[in-house]
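Scroll down for the structure; my scribbles are underneath it.
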Protein chains: 2
Amino acid sequence: MPNPRKPAPAGAEHAPLQLEHFLPYKLSILSNTVSQAIADDYQRRYDLSVTEWRVMAVLARFDGLSAREVAERTAMDKVAVSRALARLVEAGRVHRETHGNDKRRSVLSLTEAGWAIHDDVAPMARAREREVLAKLDAQEQEWLNRILDKLLAH
Amino acid sequence: MPNPRKPAPAGAEHAPLQLEHFLPYKLSILSNTVSQAIADDYQRRYDLSVTEWRVMAVLARFDGLSAREVAERTAMDKVAVSRALARLVEAGRVHRETHGNDKRRSVLSLTEAGWAIHDDVAPMARAREREVLAKLDAQEQEWLNRILDKLLAH
DNA sequence: ACGTTATAGTTACATATGAAACTAATTGCA
DNA sequence: TGCAATTAGTTTCATATGTAACTATAACGT
């Protein structure tokens with residue numbers, strides 16, 4: 001008998017959550033599992049955190065963003081972005097200069113070295129995404145997309 | 001023109017990810033948003049971390065678990081569980097005793113104070129879940145459930 | 001022009017987290 | 001038995017993270 005646990009009687013008045021059927025919990029597990037699988041592909045190899053990778057991914061698409069704009073696009077807070085940028089600039093992966101008209105703002109872009117990493121990591125990330133989606137049939141994939149977009153709207 | 005950003009030409013050879021259509025990214029945003037909304041309900045009021053709440057939720061359903069079993073059920077690592085338990089026992093929310101036959105194992109259960117918190121927080125958590133699901137119609141809710149279970153299987 | 005308010009970004013501090021080393025108890029098997 | 005290998009749980013250490021305070025610059029209203 002590996003684990004003969006009784007499903008808590010707990011009197012009668014309590015109403016315990018069933019974590020395994022609780023949406024926020026399931027989302028958390030799934031999200032962490034998937035993100036970690038991708039991170040495993042690049043963290044060791046490039047000494048790159050998830051935060052840093054997201055900053056790079058955004059700069060790959062939108063060249064010349066400011067730090068605040070990066071924060072908006074990645075949904076991370078500005079402190080996290082500031083720190084990620086400090087490391088990325090230090091490592092020569094991101095180039096930072098000051099905006100001509102507004103000396104508060106930075107103008108950010110990937111360096112050659114940054115692009116090289118991007119071009120290696122992006123396909124791996126896409127492959128992981130495909131692995132996850134491969135567990136679903138075409139119809140389920142469509143529904144998932146629609147549902148996530150609906151939940152994320154506004 | 002608040003933000004006239006050009007969608008990165010970036011030469012021609014690069015293929016930047018579109019984060020906003022990338023499944024792992026969308027999952028991460030959604031999961032964090034939902035979990036944070038729930039946490040906001042109890043963190044200040046009870047000085048209770050997400051980790052601690054999950055431990056309590058599991059003990060509410062499965063009385064007498066060991067720390068390792070709690071870790072399994074919450075999908076958290078044993079160090080996180082150990083620390084959460086230390087705080088919960090210290091705060092008088094969880095009772096810990098030693099297993100009769102195996103002195104390594106602990107036998108854990110909620111105290112009266114623990115149950116009181118549980119009985120206040122659990123309905124709030126359920127209400128938040130309902131708020132999220134309210135954005136979907138009945139059909140979408142069914143698909144979401146089925147799809148998440150499929151992705152989480154194995 | 002000038003003082004107030006807002007914004008971009010960094011720094012400091014306190015807390016959270018994860019990996020690995022560690023202790024204590026139990027199990028397996030020669 | 002008795003000793004090597006496992007297992008439960010804690011501690012340590014190095015990093016990560018969030019909040020709030022801070023600096024510098026720009027925008028706004030009078």
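To be explicit about the labels: the chains of the structure tokens are called A, B, and onward in the order shown, and within each one the residues are counted from 1, while ligands get numbers from 1 in the order they are shown.
Near Leu148 (chain A), within 9 Å and counting only C-alpha atoms (C1' of nucleotides), sit Trp143, Leu144, Asn145, Arg146, Lys150, Leu151, Leu152 and Ala153 of chain A; Leu23, Lys26, Leu27, Leu30 and Leu144 of chain B; same-chain residues fewer than 2 positions away were not included.
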Could the residues in this selection be saved with C-alpha atoms as an mmCIF file, in the first residue's frame?
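After the write, again34.cif holds the following:
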```
data_model
loop_
_atom_site.group_PDB
_atom_site.id
_atom_site.type_symbol
_atom_site.label_atom_id
_atom_site.label_comp_id
_atom_site.auth_asym_id
_atom_site.auth_seq_id
_atom_site.Cartn_x
_atom_site.Cartn_y
_atom_site.Cartn_z
ATOM 1 C CA TRP A 143 -10.261 26.079 -29.024
ATOM 2 C CA LEU A 144 -7.285 26.558 -26.777
ATOM 3 C CA ASN A 145 -6.141 29.513 -28.789
ATOM 4 C CA ARG A 146 -9.525 31.139 -28.827
ATOM 5 C CA LYS A 150 -10.561 35.520 -24.607
ATOM 6 C CA LEU A 151 -9.266 35.101 -21.084
ATOM 7 C CA LEU A 152 -6.352 37.416 -21.761
ATOM 8 C CA ALA A 153 -8.454 40.116 -23.404
ATOM 9 C CA LEU B 23 1.563 29.587 -26.121
ATOM 10 C CA LYS B 26 0.277 33.413 -22.918
ATOM 11 C CA LEU B 27 0.006 30.672 -20.320
ATOM 12 C CA LEU B 30 -2.697 34.190 -17.598
ATOM 13 C CA LEU B 144 -10.812 24.381 -21.474
#
```
Taking only C-alpha atoms (C1' of nucleotides) into account, report as a short mmCIF file (atom, residue, chain, number, x, y, z; two decimals) with N, CA and C atoms, in the first residue's frame which residues of chain A lie within 8 Å of chain C.
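The resulting selection37.cif:
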```
data_model
loop_
_atom_site.label_atom_id
_atom_site.label_comp_id
_atom_site.auth_asym_id
_atom_site.auth_seq_id
_atom_site.Cartn_x
_atom_site.Cartn_y
_atom_site.Cartn_z
N ALA A 67 13.32 50.94 -22.37
CA ALA A 67 13.17 49.94 -21.31
C ALA A 67 11.70 49.82 -20.88
N ARG A 68 11.04 50.95 -20.78
CA ARG A 68 9.63 50.94 -20.37
C ARG A 68 8.78 50.19 -21.39
N SER A 82 15.06 46.39 -15.98
CA SER A 82 16.29 47.13 -15.77
C SER A 82 17.45 46.19 -15.45
N ARG A 104 16.18 60.79 -20.82
CA ARG A 104 15.81 59.78 -19.83
C ARG A 104 15.72 58.40 -20.48
N ARG A 105 15.29 58.40 -21.73
CA ARG A 105 14.97 57.13 -22.39
C ARG A 105 16.19 56.46 -23.00
#
```
Item to check | Which of region 85-154 of chain B fall in helix (DSSP H, G or I), as a PyMOL selection string | outcome: chain B and resi 85-90+112-133+138-152
Next on the checklist: Please find the residues of chain D near chain B - the criterion being any atom within 12 Å, counting only C-alpha atoms (C1' of nucleotides) - and write them as a PyMOL selection string.
Outcome noted: chain D and resi 7-12
Would you tabulate, counting only C-alpha atoms, all residues of chain A that have an atom at most 6 Å from an atom of chain B, showing the closest pair of atoms and their distance in Å to one decimal, sorted by chain then ascending number, as CSV?
```
residue,atom,partner,partner_atom,distance
A:Pro7,CA,B:Phe62,CA,5.5
A:Ala8,CA,B:Phe62,CA,4.9
A:Pro16,CA,B:Arg61,CA,5.5
A:Leu27,CA,B:Ser31,CA,5.4
A:Ser28,CA,B:Ser31,CA,5.4
A:Ser31,CA,B:Ser28,CA,5.4
A:Ala60,CA,B:Pro16,CA,5.5
A:Arg61,CA,B:Ala8,CA,4.9
A:Phe62,CA,B:Ala8,CA,4.8
A:Asp63,CA,B:Ala8,CA,5.6
```
Next on the checklist: I'd like to know which residues of chain A are strand (DSSP E) (by DSSP, run on the backbone); could you write them as a ChimeraX atom specification?
Outcome noted: /A:94-98,106-110
